[in-house]
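*Asks:* The structure follows.
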Amino acid sequence: MASEKMQQGLVLGMSTMAFTICFMIWMMFAVLGVPIKELLQLNETQFGLMAATPVLTGSLVRLPLGMLTDKFGGRIVFFVLMLVCVLPIYLISAATEYWHFLVLGLFVGLAGGSFSVGIAYVAKWFSKQTQGTAMGVFGAGNAGAALTKFVAPAIIAAASWQMVPKVYSAIMFITALLFWFFTYQKKEHLVPSSVSFMDQLKTLKDPRVWRYCQYYSIVFGGYVALSLWMTKYYVQEYGFTLQTAALLAACFSLPGGVLRAIGGWMSDKWGAHQVTWWVMWVSWICLFILSYPQTELVVQTVNGPKQFSIGLNEYVFTALMFIIGIAWAFGKASVFKYISDDYPQNIGAISGIVGLAGGLGGFILPIMFGALVDFTGVRSSCFMLMYGVVWVSLIWMYLSEVRKTPVLGTGSSSPVGSAS
C-alpha cells in the first residue's frame, strides 16, 4: 500500500491531469468552431451559441456532481464521468447539421462538470494550511483551454477538423483508465449518509455563497467565455490565420490556467479577500482599455482637419489579455480559498454551486458577445460588457468586505461580519 504522502501526490497529480484533459475537450469549439462556422455560414450569435453549448451542461451538472462527490467519493464519480463523455466526443466527427453540434455539445459539456468533482476530491486530502495551494495546482488544469489551442489547429492542419473529436475521444478514454488505476479513496472523506442533499443545499441561504458566485462568474466565467471567443476575434479583427490566432489566444488561456497554483499559494499566505480585491481592480483597468474600439478621429485644427487613428494593435492587445489571464488565474484560486475556509465540511456542494454560477457565466457571455457584435457591429463590445460586470463585483465587494477590513492588513480570507 502506498504511503499517505504518495497517495496525496498521486491523487493531486492524476486529478490535475484528468481535469486538464476534460477542460481541453470542454473548450474544443474555441478552435473547432472556426472551420464549422465557415462551413455552415453561421452568424456571430449562432457561433456564440454553438461554442457555449458545452459550457451550459458542464455548468448545470456541477452542483449535483459536487454533492455526489461528497456522498460517494471523487474517484468513482470522476472515472464514470470521463467514460460517459467518450462516445459523444467521437460522434462530433460525423455531425453535418448545426443542430447536430448543439445536441452533441450538450453531452460533451458534461466533461466541464469535472471541476466540482476534482476540487472536492483533492481538497479533502490536504490540511487547511495547504488546501489553497493544492486546489490551485488542481485548478491549473484550466490550462486545457490553452492546450486545445495548440493541439486542435495542428490536427486540423495535418488532417481535417473531423479528426479532432476522434483523437480527443481516444485521449479521454486513456485518461479515464490511468486515473482509475493510479488514485485512491478514503471512507472518512465522505459526507455521513445521514446528511441529505437538502441539508447540503441549505447553504444557499448564506449571502456569502452568492457573493462568491458573482466573483467566480468573472474570473472563471469570463475566462471560459474569452477562451472560446479569442481565436475567432484574432482572425476577424487582425486577419491572422487559424493557427496563428489560436497561438496568440493561448497567451490569455495558458497563464489563466497554469498560474492558478500561484494564486492558491498567495491566498494561503495573504488571504482570499486581499487577492480577490486586487484581481478585480487589475481586471477593471485592463478591460477599460480593451473596451475602446478601433476609431478614426478627425480634429478641426487651425491648419485644417487632421485625422487620428486610435486603437489597440495586436501587440498591446495581446499584452493586456496576458495580464488579465494572470489576474483571473489568481482570482479563480482565491475564490475557492474562501470556500475551503468557510465550508470545510461541505466543499463539494458549495464548489458545485459556485462552479455552476461561473460556468453559467461562461455559457451566457459568448452568446451575449455574439449578439452585441451583431447589434452594434463593434467587436470590442465584448470587453465593454465584461467591464460592466467587473464594476458590479467591485461595488459589491466594497460594500460587503472592504469597508469592514483593512485591504492591506492581515485579516482572514473572509472578513468578520462580511456575510451581511
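Labels used: A, B, ... for chains in the order of the C-alpha cells, numbers from 1 for residues in each chain, and numbers from 1 for ligands as shown.
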If you count only C-alpha atoms, which residues fall within 10 Å of Phe173 (chain A), apart from same-chain ones fewer than 2 positions away, as a PyMOL selection string?
*Replies:* chain A and resi 79+82-87+168-171+175-178
*Asks:* Write out as number ranges by chain each polymer residue whose atoms come within 12 Å of Val378 (chain A), counting only C-alpha atoms; drop sequence neighbours fewer than 6 positions from it.
*Replies:* A: 44, 233, 236-237, 291-295, 369-372, 384-385
*Asks:* Identify, on the basis of only C-alpha atoms, every residue whose closest approach to Met50 (chain A) does not exceed 9 Å; exclude the query and any residue fewer than 2 positions from it along the same chain; express the result as a list in words.
*Replies:*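 Skipping anything fewer than 2 positions along the chain leaves Phe29, Gly33, Thr45, Gln46, Phe47, Gly48, Ala52, Thr53, Pro54, Tyr98, Phe101, Leu102, Gly105 and Ile367 of chain A.
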*Asks:* Emit the selected residues as a compact mmCIF listing (two decimals), in the first residue's frame, including C-alpha atoms.
*Replies:*
# COMPACT_ATOMS: atom_id res chain seq x y z
CA PHE A 29 -15.16 24.56 -30.02
CA GLY A 33 -15.91 26.19 -34.15
CA THR A 45 -24.79 34.83 -32.36
CA GLN A 46 -25.06 31.30 -33.78
CA PHE A 47 -21.33 30.81 -33.35
CA GLY A 48 -21.54 32.06 -29.75
CA ALA A 52 -21.10 27.95 -25.42
CA THR A 53 -23.44 24.93 -25.55
CA PRO A 54 -20.96 22.53 -23.87
CA TYR A 98 -26.00 22.89 -36.92
CA PHE A 101 -23.32 20.18 -33.00
CA LEU A 102 -25.68 21.74 -30.47
CA GLY A 105 -22.17 19.74 -27.50
CA ILE A 367 -23.94 34.35 -26.67
*Asks:* From the list A:Tyr343, A:Phe363, A:Phe72, A:Phe322, which residue is nearest Ala249 (chain A) when using only C-alpha atoms?
*Replies:*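 Looking at the shortest contact to Ala249 (chain A), the residue is A:Phe322.
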*Asks:* Enumerate as a PyMOL selection string all residues of region 144-364 of chain A assigned to strand (DSSP E or B) by DSSP on the backbone, naming them with the chain letters and numbers the document uses.
*Replies:* chain A and resi 295-301+304-310
*Asks:* As a PyMOL selection string, list the residues of region 129-220 of chain A assigned to alpha helix (DSSP H) by DSSP on the backbone atoms of this structure.
*Replies:* chain A and resi 129-139+144-158+163-181+197-201+207-219
*Asks:* Tell me, as a PDB file with all heavy atoms, in the first residue's frame, which residues lie within 12 Å of Pro35 (chain A), counting only C-alpha atoms; anything in the same chain fewer than 5 positions away does not count.
*Replies:*
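around_34.pdb, written as the output of this step:
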ATOM      1  N   PHE A  29     -14.515  23.727 -29.011  1.00  0.00           N
ATOM      2  CA  PHE A  29     -15.165  24.556 -30.020  1.00  0.00           C
ATOM      3  C   PHE A  29     -14.509  25.935 -30.169  1.00  0.00           C
ATOM      4  O   PHE A  29     -14.834  26.667 -31.099  1.00  0.00           O
ATOM      5  CB  PHE A  29     -16.652  24.703 -29.720  1.00  0.00           C
ATOM      6  CG  PHE A  29     -17.469  23.509 -30.125  1.00  0.00           C
ATOM      7  CD1 PHE A  29     -18.131  22.743 -29.180  1.00  0.00           C
ATOM      8  CD2 PHE A  29     -17.564  23.132 -31.455  1.00  0.00           C
ATOM      9  CE1 PHE A  29     -18.878  21.636 -29.544  1.00  0.00           C
ATOM     10  CE2 PHE A  29     -18.301  22.030 -31.835  1.00  0.00           C
ATOM     11  CZ  PHE A  29     -18.959  21.270 -30.881  1.00  0.00           C
ATOM     12  N   ALA A  30     -13.610  26.284 -29.247  1.00  0.00           N
ATOM     13  CA  ALA A  30     -12.864  27.538 -29.403  1.00  0.00           C
ATOM     14  C   ALA A  30     -12.075  27.529 -30.705  1.00  0.00           C
ATOM     15  O   ALA A  30     -11.906  28.563 -31.356  1.00  0.00           O
ATOM     16  CB  ALA A  30     -11.924  27.738 -28.217  1.00  0.00           C
ATOM     17  N   LEU A  40     -20.824  26.120 -42.185  1.00  0.00           N
ATOM     18  CA  LEU A  40     -22.281  26.254 -42.054  1.00  0.00           C
ATOM     19  C   LEU A  40     -22.770  27.678 -42.262  1.00  0.00           C
ATOM     20  O   LEU A  40     -23.975  27.946 -42.170  1.00  0.00           O
ATOM     21  CB  LEU A  40     -22.726  25.750 -40.673  1.00  0.00           C
ATOM     22  CG  LEU A  40     -22.402  24.287 -40.337  1.00  0.00           C
ATOM     23  CD1 LEU A  40     -22.886  23.945 -38.934  1.00  0.00           C
ATOM     24  CD2 LEU A  40     -23.029  23.342 -41.365  1.00  0.00           C
ATOM     25  N   GLN A  41     -21.833  28.624 -42.500  1.00  0.00           N
ATOM     26  CA  GLN A  41     -22.183  30.045 -42.719  1.00  0.00           C
ATOM     27  C   GLN A  41     -22.994  30.598 -41.544  1.00  0.00           C
ATOM     28  O   GLN A  41     -24.086  31.151 -41.720  1.00  0.00           O
ATOM     29  CB  GLN A  41     -22.961  30.197 -44.034  1.00  0.00           C
ATOM     30  CG  GLN A  41     -22.149  29.866 -45.286  1.00  0.00           C
ATOM     31  CD  GLN A  41     -20.982  30.824 -45.491  1.00  0.00           C
ATOM     32  OE1 GLN A  41     -21.156  32.028 -45.636  1.00  0.00           O
ATOM     33  NE2 GLN A  41     -19.768  30.293 -45.475  1.00  0.00           N
ATOM     34  N   LEU A  42     -22.448  30.470 -40.351  1.00  0.00           N
ATOM     35  CA  LEU A  42     -23.143  30.920 -39.137  1.00  0.00           C
ATOM     36  C   LEU A  42     -22.877  32.399 -38.891  1.00  0.00           C
ATOM     37  O   LEU A  42     -21.802  32.914 -39.227  1.00  0.00           O
ATOM     38  CB  LEU A  42     -22.668  30.114 -37.921  1.00  0.00           C
ATOM     39  CG  LEU A  42     -22.760  28.581 -38.015  1.00  0.00           C
ATOM     40  CD1 LEU A  42     -22.206  27.953 -36.745  1.00  0.00           C
ATOM     41  CD2 LEU A  42     -24.196  28.143 -38.246  1.00  0.00           C
ATOM     42  N   PHE A  47     -22.641  31.319 -33.757  1.00  0.00           N
ATOM     43  CA  PHE A  47     -21.328  30.810 -33.354  1.00  0.00           C
ATOM     44  C   PHE A  47     -21.193  30.830 -31.836  1.00  0.00           C
ATOM     45  O   PHE A  47     -20.712  29.872 -31.226  1.00  0.00           O
ATOM     46  CB  PHE A  47     -20.208  31.644 -33.981  1.00  0.00           C
ATOM     47  CG  PHE A  47     -18.839  31.291 -33.445  1.00  0.00           C
ATOM     48  CD1 PHE A  47     -18.142  30.214 -33.954  1.00  0.00           C
ATOM     49  CD2 PHE A  47     -18.266  32.039 -32.424  1.00  0.00           C
ATOM     50  CE1 PHE A  47     -16.882  29.873 -33.450  1.00  0.00           C
ATOM     51  CE2 PHE A  47     -17.011  31.707 -31.909  1.00  0.00           C
ATOM     52  CZ  PHE A  47     -16.321  30.626 -32.426  1.00  0.00           C
ATOM     53  N   ALA A 152      -5.521  21.195 -31.326  1.00  0.00           N
ATOM     54  CA  ALA A 152      -6.558  21.168 -32.366  1.00  0.00           C
ATOM     55  C   ALA A 152      -6.100  21.777 -33.698  1.00  0.00           C
ATOM     56  O   ALA A 152      -6.319  21.168 -34.760  1.00  0.00           O
ATOM     57  CB  ALA A 152      -7.829  21.841 -31.865  1.00  0.00           C
ATOM     58  N   PRO A 153      -5.462  22.964 -33.716  1.00  0.00           N
ATOM     59  CA  PRO A 153      -5.011  23.506 -35.011  1.00  0.00           C
ATOM     60  C   PRO A 153      -4.006  22.589 -35.712  1.00  0.00           C
ATOM     61  O   PRO A 153      -4.014  22.480 -36.946  1.00  0.00           O
ATOM     62  CB  PRO A 153      -4.370  24.847 -34.635  1.00  0.00           C
ATOM     63  CG  PRO A 153      -4.987  25.224 -33.335  1.00  0.00           C
ATOM     64  CD  PRO A 153      -5.214  23.930 -32.625  1.00  0.00           C
ATOM     65  N   ILE A 156      -5.994  19.775 -37.283  1.00  0.00           N
ATOM     66  CA  ILE A 156      -6.731  20.285 -38.447  1.00  0.00           C
ATOM     67  C   ILE A 156      -5.791  20.484 -39.633  1.00  0.00           C
ATOM     68  O   ILE A 156      -6.114  20.137 -40.777  1.00  0.00           O
ATOM     69  CB  ILE A 156      -7.465  21.600 -38.096  1.00  0.00           C
ATOM     70  CG1 ILE A 156      -8.590  21.324 -37.090  1.00  0.00           C
ATOM     71  CG2 ILE A 156      -8.032  22.260 -39.350  1.00  0.00           C
ATOM     72  CD1 ILE A 156      -9.223  22.577 -36.509  1.00  0.00           C
ATOM     73  N   ALA A 157      -4.601  21.043 -39.360  1.00  0.00           N
ATOM     74  CA  ALA A 157      -3.631  21.286 -40.437  1.00  0.00           C
ATOM     75  C   ALA A 157      -3.110  19.971 -41.028  1.00  0.00           C
ATOM     76  O   ALA A 157      -2.894  19.860 -42.233  1.00  0.00           O
ATOM     77  CB  ALA A 157      -2.470  22.120 -39.913  1.00  0.00           C
ATOM     78  N   SER A 160      -7.930  16.956 -40.820  1.00  0.00           N
ATOM     79  CA  SER A 160      -9.154  17.729 -41.041  1.00  0.00           C
ATOM     80  C   SER A 160      -9.783  18.020 -39.689  1.00  0.00           C
ATOM     81  O   SER A 160      -9.364  17.477 -38.661  1.00  0.00           O
ATOM     82  CB  SER A 160     -10.146  16.929 -41.895  1.00  0.00           C
ATOM     83  OG  SER A 160     -10.564  15.759 -41.188  1.00  0.00           O
ATOM     84  N   TRP A 161     -10.820  18.876 -39.669  1.00  0.00           N
ATOM     85  CA  TRP A 161     -11.455  19.174 -38.388  1.00  0.00           C
ATOM     86  C   TRP A 161     -12.157  17.939 -37.828  1.00  0.00           C
ATOM     87  O   TRP A 161     -12.290  17.785 -36.614  1.00  0.00           O
ATOM     88  CB  TRP A 161     -12.422  20.360 -38.513  1.00  0.00           C
ATOM     89  CG  TRP A 161     -13.700  20.096 -39.279  1.00  0.00           C
ATOM     90  CD1 TRP A 161     -13.967  20.429 -40.566  1.00  0.00           C
ATOM     91  CD2 TRP A 161     -14.892  19.460 -38.774  1.00  0.00           C
ATOM     92  NE1 TRP A 161     -15.237  20.036 -40.912  1.00  0.00           N
ATOM     93  CE2 TRP A 161     -15.840  19.446 -39.827  1.00  0.00           C
ATOM     94  CE3 TRP A 161     -15.261  18.915 -37.545  1.00  0.00           C
ATOM     95  CZ2 TRP A 161     -17.115  18.899 -39.692  1.00  0.00           C
ATOM     96  CZ3 TRP A 161     -16.538  18.370 -37.400  1.00  0.00           C
ATOM     97  CH2 TRP A 161     -17.445  18.359 -38.466  1.00  0.00           C
ATOM     98  N   GLN A 162     -12.594  17.013 -38.690  1.00  0.00           N
ATOM     99  CA  GLN A 162     -13.272  15.798 -38.218  1.00  0.00           C
ATOM    100  C   GLN A 162     -12.344  14.898 -37.403  1.00  0.00           C
ATOM    101  O   GLN A 162     -12.811  14.091 -36.590  1.00  0.00           O
ATOM    102  CB  GLN A 162     -13.830  14.988 -39.404  1.00  0.00           C
ATOM    103  CG  GLN A 162     -15.035  15.607 -40.072  1.00  0.00           C
ATOM    104  CD  GLN A 162     -14.672  16.530 -41.222  1.00  0.00           C
ATOM    105  OE1 GLN A 162     -13.522  16.936 -41.346  1.00  0.00           O
ATOM    106  NE2 GLN A 162     -15.640  16.852 -42.062  1.00  0.00           N
ATOM    107  N   VAL A 164     -10.238  15.901 -35.127  1.00  0.00           N
ATOM    108  CA  VAL A 164     -10.078  16.414 -33.762  1.00  0.00           C
ATOM    109  C   VAL A 164     -10.928  15.633 -32.760  1.00  0.00           C
ATOM    110  O   VAL A 164     -10.395  15.131 -31.752  1.00  0.00           O
ATOM    111  CB  VAL A 164     -10.383  17.931 -33.708  1.00  0.00           C
ATOM    112  CG1 VAL A 164     -10.356  18.430 -32.263  1.00  0.00           C
ATOM    113  CG2 VAL A 164      -9.385  18.705 -34.548  1.00  0.00           C
ATOM    114  N   THR A 231      -9.914  33.176 -30.323  1.00  0.00           N
ATOM    115  CA  THR A 231      -9.356  32.706 -31.596  1.00  0.00           C
ATOM    116  C   THR A 231     -10.066  33.371 -32.773  1.00  0.00           C
ATOM    117  O   THR A 231      -9.425  33.900 -33.696  1.00  0.00           O
ATOM    118  CB  THR A 231      -9.478  31.174 -31.703  1.00  0.00           C
ATOM    119  OG1 THR A 231      -8.795  30.563 -30.604  1.00  0.00           O
ATOM    120  CG2 THR A 231      -8.870  30.678 -33.013  1.00  0.00           C
ATOM    121  N   LYS A 232     -11.384  33.356 -32.733  1.00  0.00           N
ATOM    122  CA  LYS A 232     -12.157  33.987 -33.797  1.00  0.00           C
ATOM    123  C   LYS A 232     -11.923  35.500 -33.817  1.00  0.00           C
ATOM    124  O   LYS A 232     -11.865  36.123 -34.885  1.00  0.00           O
ATOM    125  CB  LYS A 232     -13.649  33.696 -33.596  1.00  0.00           C
ATOM    126  CG  LYS A 232     -14.540  34.223 -34.704  1.00  0.00           C
ATOM    127  CD  LYS A 232     -15.996  33.929 -34.431  1.00  0.00           C
ATOM    128  CE  LYS A 232     -16.504  34.744 -33.262  1.00  0.00           C
ATOM    129  NZ  LYS A 232     -16.467  36.219 -33.540  1.00  0.00           N
ATOM    130  N   VAL A 235      -8.766  36.261 -35.680  1.00  0.00           N
ATOM    131  CA  VAL A 235      -8.942  36.019 -37.117  1.00  0.00           C
ATOM    132  C   VAL A 235      -9.667  37.185 -37.774  1.00  0.00           C
ATOM    133  O   VAL A 235      -9.248  37.698 -38.821  1.00  0.00           O
ATOM    134  CB  VAL A 235      -9.715  34.701 -37.353  1.00  0.00           C
ATOM    135  CG1 VAL A 235     -10.135  34.572 -38.822  1.00  0.00           C
ATOM    136  CG2 VAL A 235      -8.872  33.497 -36.942  1.00  0.00           C
ATOM    137  N   THR A 241      -4.202  33.888 -39.525  1.00  0.00           N
ATOM    138  CA  THR A 241      -4.662  32.546 -39.867  1.00  0.00           C
ATOM    139  C   THR A 241      -5.156  31.850 -38.600  1.00  0.00           C
ATOM    140  O   THR A 241      -4.871  32.306 -37.475  1.00  0.00           O
ATOM    141  CB  THR A 241      -3.517  31.709 -40.462  1.00  0.00           C
ATOM    142  OG1 THR A 241      -2.497  31.530 -39.450  1.00  0.00           O
ATOM    143  CG2 THR A 241      -2.925  32.377 -41.691  1.00  0.00           C
ATOM    144  N   LEU A 242      -5.873  30.730 -38.770  1.00  0.00           N
ATOM    145  CA  LEU A 242      -6.400  29.996 -37.613  1.00  0.00           C
ATOM    146  C   LEU A 242      -5.284  29.557 -36.675  1.00  0.00           C
ATOM    147  O   LEU A 242      -5.415  29.692 -35.450  1.00  0.00           O
ATOM    148  CB  LEU A 242      -7.195  28.776 -38.100  1.00  0.00           C
ATOM    149  CG  LEU A 242      -7.757  27.852 -37.009  1.00  0.00           C
ATOM    150  CD1 LEU A 242      -8.763  28.603 -36.135  1.00  0.00           C
ATOM    151  CD2 LEU A 242      -8.419  26.625 -37.639  1.00  0.00           C
ATOM    152  N   GLN A 243      -4.180  29.060 -37.230  1.00  0.00           N
ATOM    153  CA  GLN A 243      -3.086  28.560 -36.394  1.00  0.00           C
ATOM    154  C   GLN A 243      -2.437  29.692 -35.591  1.00  0.00           C
ATOM    155  O   GLN A 243      -2.195  29.557 -34.381  1.00  0.00           O
ATOM    156  CB  GLN A 243      -2.018  27.863 -37.266  1.00  0.00           C
ATOM    157  CG  GLN A 243      -2.417  26.505 -37.809  1.00  0.00           C
ATOM    158  CD  GLN A 243      -3.470  26.573 -38.904  1.00  0.00           C
ATOM    159  OE1 GLN A 243      -3.565  27.590 -39.624  1.00  0.00           O
ATOM    160  NE2 GLN A 243      -4.275  25.533 -39.050  1.00  0.00           N
TER     161      GLN A 243
END
*Asks:* Determine, counting only C-alpha atoms, which protein, DNA and RNA residues have an atom within 12 Å of an atom of Gly74 (chain A); residues of the same chain fewer than 3 positions away are not included. Present the result as a VMD selection string.
*Replies:* chain A and resid 11 to 12 14 to 15 65 to 71 77 to 81 113 to 125 179 to 180 183 to 187 189 to 191 347 to 348
*Asks:* Set the distance at 10 Å and use only C-alpha atoms: which residues neighbour region 206-218 of chain A once local chain neighbours fewer than 4 positions away are removed? I'd like the list as an mmCIF file with N, CA and C atoms, in the first residue's frame.
*Replies:*
data_model
loop_
_atom_site.group_PDB
_atom_site.id
_atom_site.type_symbol
_atom_site.label_atom_id
_atom_site.label_comp_id
_atom_site.auth_asym_id
_atom_site.auth_seq_id
_atom_site.Cartn_x
_atom_site.Cartn_y
_atom_site.Cartn_z
ATOM 1 N N LYS A 202 -28.880 23.816 1.991
ATOM 2 C CA LYS A 202 -29.282 24.892 2.903
ATOM 3 C C LYS A 202 -28.294 26.047 2.907
ATOM 4 N N GLY A 222 -15.793 34.558 -17.158
ATOM 5 C CA GLY A 222 -15.155 35.429 -18.150
ATOM 6 C C GLY A 222 -13.992 34.740 -18.843
ATOM 7 N N TYR A 223 -13.240 33.947 -18.071
ATOM 8 C CA TYR A 223 -12.111 33.200 -18.647
ATOM 9 C C TYR A 223 -12.592 32.206 -19.702
ATOM 10 N N VAL A 224 -13.635 31.453 -19.379
ATOM 11 C CA VAL A 224 -14.183 30.481 -20.323
ATOM 12 C C VAL A 224 -14.714 31.192 -21.566
ATOM 13 N N ALA A 225 -15.480 32.258 -21.351
ATOM 14 C CA ALA A 225 -16.086 32.982 -22.472
ATOM 15 C C ALA A 225 -15.034 33.545 -23.422
ATOM 16 N N THR A 276 -8.414 38.607 -4.058
ATOM 17 C CA THR A 276 -9.572 38.840 -4.926
ATOM 18 C C THR A 276 -9.784 40.330 -5.188
ATOM 19 N N TRP A 277 -9.607 41.153 -4.174
ATOM 20 C CA TRP A 277 -9.798 42.599 -4.300
ATOM 21 C C TRP A 277 -8.885 43.180 -5.377
ATOM 22 N N MET A 280 -9.738 42.115 -8.997
ATOM 23 C CA MET A 280 -10.848 42.869 -9.589
ATOM 24 C C MET A 280 -10.381 44.221 -10.127
ATOM 25 N N SER A 283 -8.378 43.766 -13.353
ATOM 26 C CA SER A 283 -9.323 43.437 -14.421
ATOM 27 C C SER A 283 -10.045 44.687 -14.912
ATOM 28 N N TRP A 328 -6.907 36.631 -13.521
ATOM 29 C CA TRP A 328 -8.026 35.702 -13.335
ATOM 30 C C TRP A 328 -7.559 34.340 -12.837
ATOM 31 N N GLY A 331 -7.441 34.913 -9.251
ATOM 32 C CA GLY A 331 -8.802 35.075 -8.740
ATOM 33 C C GLY A 331 -9.551 33.763 -8.626
ATOM 34 N N LYS A 332 -9.357 32.852 -9.594
ATOM 35 C CA LYS A 332 -10.035 31.553 -9.528
ATOM 36 C C LYS A 332 -9.604 30.789 -8.288
ATOM 37 N N ALA A 333 -8.326 30.869 -7.960
ATOM 38 C CA ALA A 333 -7.823 30.174 -6.770
ATOM 39 C C ALA A 333 -8.317 30.844 -5.490
ATOM 40 N N SER A 334 -8.337 32.174 -5.463
ATOM 41 C CA SER A 334 -8.714 32.879 -4.228
ATOM 42 C C SER A 334 -10.182 32.669 -3.876
ATOM 43 N N VAL A 335 -11.056 32.570 -4.885
ATOM 44 C CA VAL A 335 -12.475 32.322 -4.611
ATOM 45 C C VAL A 335 -12.653 30.969 -3.925
ATOM 46 N N PHE A 336 -11.910 29.973 -4.371
ATOM 47 C CA PHE A 336 -12.052 28.653 -3.747
ATOM 48 C C PHE A 336 -11.336 28.560 -2.414
ATOM 49 N N TYR A 338 -11.726 31.017 -0.270
ATOM 50 C CA TYR A 338 -12.874 31.449 0.536
ATOM 51 C C TYR A 338 -13.703 30.228 0.943
ATOM 52 N N ILE A 339 -14.004 29.382 -0.035
ATOM 53 C CA ILE A 339 -14.897 28.237 0.189
ATOM 54 C C ILE A 339 -14.281 27.225 1.146
ATOM 55 N N ASP A 342 -14.442 28.705 4.679
ATOM 56 C CA ASP A 342 -15.766 28.913 5.272
ATOM 57 C C ASP A 342 -16.622 27.657 5.335
ATOM 58 N N TYR A 343 -16.371 26.680 4.434
ATOM 59 C CA TYR A 343 -17.231 25.489 4.363
ATOM 60 C C TYR A 343 -16.392 24.213 4.257
ATOM 61 N N ILE A 350 -20.763 23.319 -2.047
ATOM 62 C CA ILE A 350 -20.527 24.755 -2.249
ATOM 63 C C ILE A 350 -19.728 24.994 -3.524
ATOM 64 N N SER A 351 -18.710 24.164 -3.771
ATOM 65 C CA SER A 351 -17.945 24.332 -5.004
ATOM 66 C C SER A 351 -18.828 24.058 -6.219
ATOM 67 N N ILE A 353 -22.090 24.761 -6.366
ATOM 68 C CA ILE A 353 -22.935 25.955 -6.521
ATOM 69 C C ILE A 353 -22.144 27.091 -7.171
ATOM 70 N N VAL A 354 -20.947 27.361 -6.637
ATOM 71 C CA VAL A 354 -20.127 28.449 -7.163
ATOM 72 C C VAL A 354 -19.636 28.111 -8.580
ATOM 73 N N GLY A 355 -19.256 26.856 -8.785
ATOM 74 C CA GLY A 355 -18.837 26.432 -10.118
ATOM 75 C C GLY A 355 -19.966 26.535 -11.132
ATOM 76 N N LEU A 356 -21.182 26.240 -10.677
ATOM 77 C CA LEU A 356 -22.366 26.387 -11.534
ATOM 78 C C LEU A 356 -22.532 27.836 -11.981
ATOM 79 N N ALA A 357 -22.393 28.754 -11.037
ATOM 80 C CA ALA A 357 -22.529 30.181 -11.369
ATOM 81 C C ALA A 357 -21.447 30.620 -12.349
ATOM 82 N N GLY A 358 -20.207 30.178 -12.102
ATOM 83 C CA GLY A 358 -19.116 30.535 -13.003
ATOM 84 C C GLY A 358 -19.315 29.956 -14.386
ATOM 85 N N GLY A 359 -19.759 28.685 -14.427
ATOM 86 C CA GLY A 359 -19.998 28.042 -15.714
ATOM 87 C C GLY A 359 -21.125 28.682 -16.489
ATOM 88 N N LEU A 360 -22.187 29.075 -15.787
ATOM 89 C CA LEU A 360 -23.292 29.754 -16.464
ATOM 90 C C LEU A 360 -22.834 31.080 -17.055
ATOM 91 N N GLY A 361 -21.918 31.741 -16.343
ATOM 92 C CA GLY A 361 -21.321 32.955 -16.911
ATOM 93 C C GLY A 361 -20.590 32.640 -18.204
ATOM 94 N N GLY A 362 -19.855 31.511 -18.209
ATOM 95 C CA GLY A 362 -19.146 31.096 -19.407
ATOM 96 C C GLY A 362 -20.074 30.702 -20.540
ATOM 97 N N LEU A 365 -22.165 34.503 -21.530
ATOM 98 C CA LEU A 365 -21.344 35.587 -22.080
ATOM 99 C C LEU A 365 -21.016 35.438 -23.570
ATOM 100 N N MET A 386 -17.866 42.963 -20.207
ATOM 101 C CA MET A 386 -17.096 42.444 -19.080
ATOM 102 C C MET A 386 -16.695 43.549 -18.113
ATOM 103 N N TYR A 387 -16.410 44.735 -18.651
ATOM 104 C CA TYR A 387 -16.067 45.893 -17.813
ATOM 105 C C TYR A 387 -17.216 46.218 -16.863
ATOM 106 N N VAL A 389 -19.565 44.156 -15.802
ATOM 107 C CA VAL A 389 -19.734 43.075 -14.831
ATOM 108 C C VAL A 389 -18.715 43.209 -13.695
ATOM 109 N N VAL A 390 -17.489 43.579 -14.035
ATOM 110 C CA VAL A 390 -16.456 43.774 -13.008
ATOM 111 C C VAL A 390 -16.823 44.930 -12.084
ATOM 112 N N VAL A 392 -19.774 45.791 -11.115
ATOM 113 C CA VAL A 392 -20.756 45.273 -10.151
ATOM 114 C C VAL A 392 -20.048 44.554 -9.015
ATOM 115 N N SER A 393 -19.072 43.715 -9.343
ATOM 116 C CA SER A 393 -18.354 42.960 -8.308
ATOM 117 C C SER A 393 -17.546 43.873 -7.401
ATOM 118 N N LEU A 394 -16.903 44.876 -7.975
ATOM 119 C CA LEU A 394 -16.116 45.802 -7.157
ATOM 120 C C LEU A 394 -16.994 46.546 -6.148
ATOM 121 N N TRP A 396 -19.988 45.585 -4.985
ATOM 122 C CA TRP A 396 -20.496 44.607 -4.019
ATOM 123 C C TRP A 396 -19.410 44.241 -3.007
ATOM 124 N N MET A 397 -18.197 44.038 -3.494
ATOM 125 C CA MET A 397 -17.095 43.666 -2.615
ATOM 126 C C MET A 397 -16.755 44.794 -1.647
ATOM 127 N N SER A 400 -19.572 44.986 1.079
ATOM 128 C CA SER A 400 -19.701 43.848 1.985
ATOM 129 C C SER A 400 -18.408 43.478 2.706
ATOM 130 N N SER A 414 -11.990 35.619 4.829
ATOM 131 C CA SER A 414 -13.387 36.040 4.809
ATOM 132 C C SER A 414 -13.633 36.927 6.006
ATOM 133 N N SER A 418 -18.728 39.857 7.157
ATOM 134 C CA SER A 418 -18.903 40.121 5.725
ATOM 135 C C SER A 418 -20.090 39.405 5.127
ATOM 136 N N ALA A 419 -20.730 38.552 5.915
ATOM 137 C CA ALA A 419 -21.877 37.823 5.379
ATOM 138 C C ALA A 419 -23.107 38.685 5.253
ATOM 139 N N SER A 420 -23.073 39.821 5.883
ATOM 140 C CA SER A 420 -24.286 40.654 5.871
ATOM 141 C C SER A 420 -24.417 41.408 4.568
#
*Asks:* Between CA of Ala327 (chain A) and CA of Leu63 (chain A), what distance in Å does the model show, to one decimal?
*Replies:* 25.6 Å
*Asks:* Using only C-alpha atoms for the distances, tell me which of A:Tyr90, A:Trp284, A:Tyr234, A:Phe150 is nearest to Ile324 (chain A).
*Replies:*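 Looking only at the distances to Ile324 (chain A), the closest residue turns out to be A:Trp284.
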*Asks:* Excluding same-chain residues fewer than 2 positions from region 307-317 of chain A, what lies within 6 Å of it counting only C-alpha atoms, as a list in words?
*Replies:*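 That gives Gln294, Thr295, Glu296, Leu297, Val298, Ala319 and Leu320 of chain A.
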*Asks:* One number please: CA of Ile289 (chain A) to CA of Arg379 (chain A), in Å, one decimal.
*Replies:*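 These atoms are spaced 13.7 Å apart.
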